[in-house]
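Trainee: Provided below: final.tsv, containing TSV, C-alpha atoms.
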```tsv
chain	number	residue	atom	x	y	z
A	54	MET	CA	30.72	133.75	72.42
A	55	SER	CA	29.09	130.92	70.55
A	56	ARG	CA	28.05	127.71	72.24
A	57	ARG	CA	30.43	125.67	70.06
A	58	LEU	CA	33.44	127.87	70.98
A	59	ARG	CA	32.55	127.72	74.68
A	60	ILE	CA	32.34	123.89	74.60
A	61	SER	CA	35.65	123.72	72.71
A	62	LEU	CA	37.37	125.96	75.28
A	63	ILE	CA	35.96	123.98	78.20
A	64	SER	CA	37.04	120.71	76.56
A	65	ALA	CA	40.54	122.05	75.95
A	66	GLY	CA	40.72	123.20	79.58
A	67	VAL	CA	39.67	119.78	80.85
A	68	VAL	CA	42.24	118.03	78.65
A	69	LEU	CA	44.97	120.43	79.80
A	70	PHE	CA	43.99	119.90	83.45
A	71	LEU	CA	44.11	116.10	83.04
A	72	LEU	CA	47.50	116.27	81.32
A	73	VAL	CA	49.01	118.47	84.04
A	74	SER	CA	47.48	116.23	86.74
A	75	PHE	CA	48.97	113.12	85.12
A	76	LEU	CA	52.46	114.66	84.89
A	77	LEU	CA	52.30	115.93	88.46
A	78	ALA	CA	51.19	112.52	89.77
A	79	ARG	CA	53.99	110.82	87.84
A	80	PHE	CA	56.53	113.28	89.24
A	81	LEU	CA	55.37	112.91	92.85
A	82	ALA	CA	55.25	109.11	92.60
A	83	VAL	CA	59.05	109.00	92.15
A	84	GLU	CA	59.48	110.12	95.77
A	85	ASN	CA	57.61	107.01	96.86
A	86	VAL	CA	59.63	104.82	94.50
A	87	GLU	CA	62.88	106.05	96.08
A	88	ARG	CA	61.56	105.59	99.62
A	89	ASP	CA	60.28	102.08	98.82
A	90	ALA	CA	63.62	101.09	97.28
A	91	VAL	CA	65.51	102.35	100.34
A	92	LEU	CA	63.04	100.59	102.65
A	93	GLY	CA	63.60	97.31	100.79
A	94	LEU	CA	67.35	97.73	101.21
A	95	LEU	CA	66.97	98.44	104.94
A	96	ARG	CA	64.70	95.43	105.40
A	97	ALA	CA	67.32	93.19	103.77
A	98	GLN	CA	69.93	94.73	106.08
A	99	ALA	CA	67.75	94.09	109.15
A	100	ARG	CA	67.38	90.45	108.06
A	101	GLY	CA	71.16	90.21	107.75
A	102	ASP	CA	70.82	89.40	104.03
A	103	ALA	CA	74.00	90.86	102.53
A	104	ALA	CA	73.41	89.04	99.23
A	105	ALA	CA	70.03	90.77	98.74
A	106	MET	CA	71.60	94.10	99.65
A	107	LEU	CA	74.40	93.66	97.13
A	108	ALA	CA	71.89	92.63	94.46
A	109	THR	CA	69.98	95.88	95.10
A	110	LEU	CA	73.01	98.18	95.01
A	111	ARG	CA	74.09	98.80	91.42
A	112	ASP	CA	77.46	100.49	91.97
A	113	CYS	CA	78.77	98.76	95.07
A	114	ARG	CA	82.50	98.42	94.41
A	115	ASP	CA	85.80	98.83	96.23
A	116	THR	CA	85.06	98.87	99.98
A	117	CYS	CA	81.27	98.93	99.57
A	118	PRO	CA	80.72	95.12	99.58
A	119	GLN	CA	82.70	94.83	102.82
A	120	VAL	CA	80.69	97.68	104.38
A	121	VAL	CA	77.46	95.96	103.30
A	122	ARG	CA	78.51	92.65	104.86
A	123	VAL	CA	79.52	94.34	108.13
A	124	ASN	CA	76.24	96.31	108.17
A	125	ALA	CA	74.21	93.15	107.54
A	126	GLY	CA	75.90	91.44	110.46
A	127	SER	CA	75.94	94.26	112.97
A	128	LEU	CA	72.56	95.88	112.18
A	129	ARG	CA	70.62	92.64	111.98
A	130	GLY	CA	67.66	92.43	114.29
A	131	PRO	CA	64.07	91.31	114.69
A	132	GLY	CA	61.02	93.40	113.99
A	133	GLN	CA	59.73	95.84	111.45
A	134	VAL	CA	61.96	98.56	110.01
A	135	THR	CA	60.58	102.02	110.65
A	136	ILE	CA	61.88	105.01	108.69
A	137	LEU	CA	62.12	107.97	111.02
A	138	ASN	CA	63.42	110.57	108.60
A	139	ASP	CA	64.79	110.83	105.10
A	140	LYS	CA	66.49	113.73	103.41
A	141	SER	CA	67.14	113.20	99.72
A	142	ALA	CA	69.54	115.29	97.66
A	143	THR	CA	67.69	114.17	94.52
A	144	ALA	CA	64.19	114.94	95.79
A	145	TYR	CA	61.94	116.72	93.34
A	146	SER	CA	64.49	116.86	90.53
A	147	LEU	CA	62.77	117.26	87.17
A	148	GLY	CA	65.40	115.27	85.32
A	149	GLY	CA	68.28	113.00	86.16
A	150	ALA	CA	70.28	113.55	89.32
A	151	THR	CA	72.66	111.67	91.59
A	152	GLY	CA	73.01	112.39	95.28
A	153	LYS	CA	72.96	111.01	98.78
A	154	THR	CA	69.84	110.32	100.79
A	155	ARG	CA	70.30	110.57	104.55
A	156	ILE	CA	68.03	107.97	106.13
A	157	ALA	CA	67.27	107.56	109.83
A	158	TRP	CA	65.60	104.27	110.71
A	159	LYS	CA	65.10	101.91	113.61
A	160	LEU	CA	64.02	98.48	114.71
A	161	PRO	CA	61.88	97.90	117.82
A	162	ASN	CA	63.87	97.98	121.06
A	163	ARG	CA	66.95	99.46	119.34
A	164	LEU	CA	68.39	102.91	119.02
A	165	PRO	CA	67.94	104.69	115.67
A	166	VAL	CA	70.52	104.20	112.93
A	167	VAL	CA	71.48	106.86	110.40
A	168	GLN	CA	73.01	105.91	107.05
A	169	CYS	CA	73.60	107.44	103.63
A	170	VAL	CA	72.35	105.86	100.41
A	171	LEU	CA	73.75	107.04	97.08
A	172	VAL	CA	70.77	107.38	94.71
A	173	ARG	CA	70.65	107.97	90.97
A	174	ARG	CA	67.56	109.21	89.16
A	175	ARG	CA	67.37	109.00	85.40
A	176	GLY	CA	64.85	110.18	82.88
A	177	SER	CA	62.41	113.06	82.93
A	178	VAL	CA	58.87	113.75	84.03
A	179	LEU	CA	57.69	113.26	80.44
A	180	ARG	CA	59.53	109.99	79.79
A	181	GLY	CA	59.34	108.75	83.37
A	182	LEU	CA	61.93	108.75	86.12
A	183	GLN	CA	63.79	105.66	87.30
A	184	VAL	CA	65.47	105.30	90.68
A	185	THR	CA	68.62	103.23	91.22
A	186	LEU	CA	70.37	102.69	94.54
A	187	LEU	CA	74.14	102.74	94.07
A	188	SER	CA	75.76	102.30	97.50
A	189	LEU	CA	75.11	102.32	101.24
A	190	SER	CA	77.32	103.75	103.98
A	191	ALA	CA	78.16	102.42	107.38
A	192	PRO	CA	76.15	104.03	110.17
A	193	ILE	CA	77.00	107.68	110.78
A	194	ASP	CA	76.54	109.95	113.78
A	195	GLY	CA	72.89	110.87	114.30
A	196	THR	CA	73.54	114.57	113.73
A	197	ALA	CA	75.94	114.18	110.79
A	198	ASP	CA	75.14	114.98	107.19
A	199	CYS	CA	76.00	112.60	104.38
```
Could you show the structure in this file as structure tokens?
Mentor:
Amino acid sequence: MSRRLRISLISAGVVLFLLVSFLLARFLAVENVERDAVLGLLRAQARGDAAAMLATLRDCRDTCPQVVRVNAGSLRGPGQVTILNDKSATAYSLGGATGKTRIAWKLPNRLPVVQCVLVRRRGSVLRGLQVTLLSLSAPIDGTADC
């Protein structure tokens, strides 16, 4: 094998590795985007800021605004929101998907709360994925699924 061919093959391998690494990083970053969006929603809820919650939720209609207002009033409390567990139906989807994320969270000196967030992902790994929060449930039983 000639030196020129060997350098070309190594260069092609490096470029391929960098491309795959970039796409994988982009794909895995969406999980953090969803978690950060949900955390922002929960922080607004813990502050009792129903207006910020409603501004975050893109498909909150029918009974959803009333649920959000009740949640903001009853789940309001001091301290930092801690996410204990999240289980996303849209996790690791390569393209668009819509599903519920079961989120368990708590404030200091309070019992954990479990809620369901309806999440929509759009796009693809190549074009980029976007996360939109659509609605938020009232608290559910700690062992219940969404």
Trainee: Here is a test: counting only C-alpha atoms, which residue of A:Gly176, A:Pro192, A:Pro161, A:Gly152 is nearest to Ala125 of chain A?
Mentor: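 Residue with the minimum atom-to-atom distance to Ala125 of chain A: A:Pro192.
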Trainee: At what distance in Å, to one decimal, does atom CA of Leu92 of chain A lie from atom CA of Leu189 of chain A?
Mentor: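 That distance, rounded to one decimal, is 12.3 Å.
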Trainee: Write out as a ChimeraX atom specification which residues come within 9 Å of segment 107-115 of chain A when counting all atoms listed in the file, dropping same-chain ones fewer than 2 positions away.
Mentor: /A:90,93-94,102-105,117-119,121-122,185-189
Trainee: Calculate how many Å separate atom CA of Gln98 of chain A from atom CA of Phe80 of chain A, rounding to one decimal.
Mentor: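 A separation of 28.4 Å between them.
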Trainee: Under the rule that all atoms listed in the file are counted, which of A:Ile60, A:Val184, A:Leu128, A:Val68 is the nearest residue to Asp89 of chain A?
Mentor: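 Nearest candidate to Asp89 of chain A out of A:Ile60, A:Val184, A:Leu128, A:Val68: A:Val184.
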Trainee: What separation in Å, quoted to one decimal, exists between atom CA of Gly195 of chain A and atom CA of Val166 of chain A?
Mentor: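 The value is 7.2 Å.
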Trainee: Given only C-alpha atoms as the basis, pick out the residue of A:Ala99, A:Leu179, A:Met106, A:Leu147 nearest to Pro131 of chain A.
Mentor: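 Smallest separation from Pro131 of chain A among the options: A:Ala99.
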Trainee: Which residue out of A:Ser64, A:Thr196, A:Asn124, A:Thr143 has the minimum interatomic distance to Ala157 of chain A when only C-alpha atoms are used?
Mentor: A:Thr196
Trainee: Between A:Arg180, A:Arg155, A:Arg175, A:Arg163, which is the closest to Asn138 of chain A once you count all atoms listed in the file?
Mentor: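 The answer is A:Arg155, which sits nearest to Asn138 of chain A.
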Trainee: Please determine, counting all atoms listed in the file, which residue among A:Val172, A:Leu95, A:Leu164, A:Val67 has the shortest atom-to-atom distance to Gln133 of chain A.
Mentor: A:Leu95
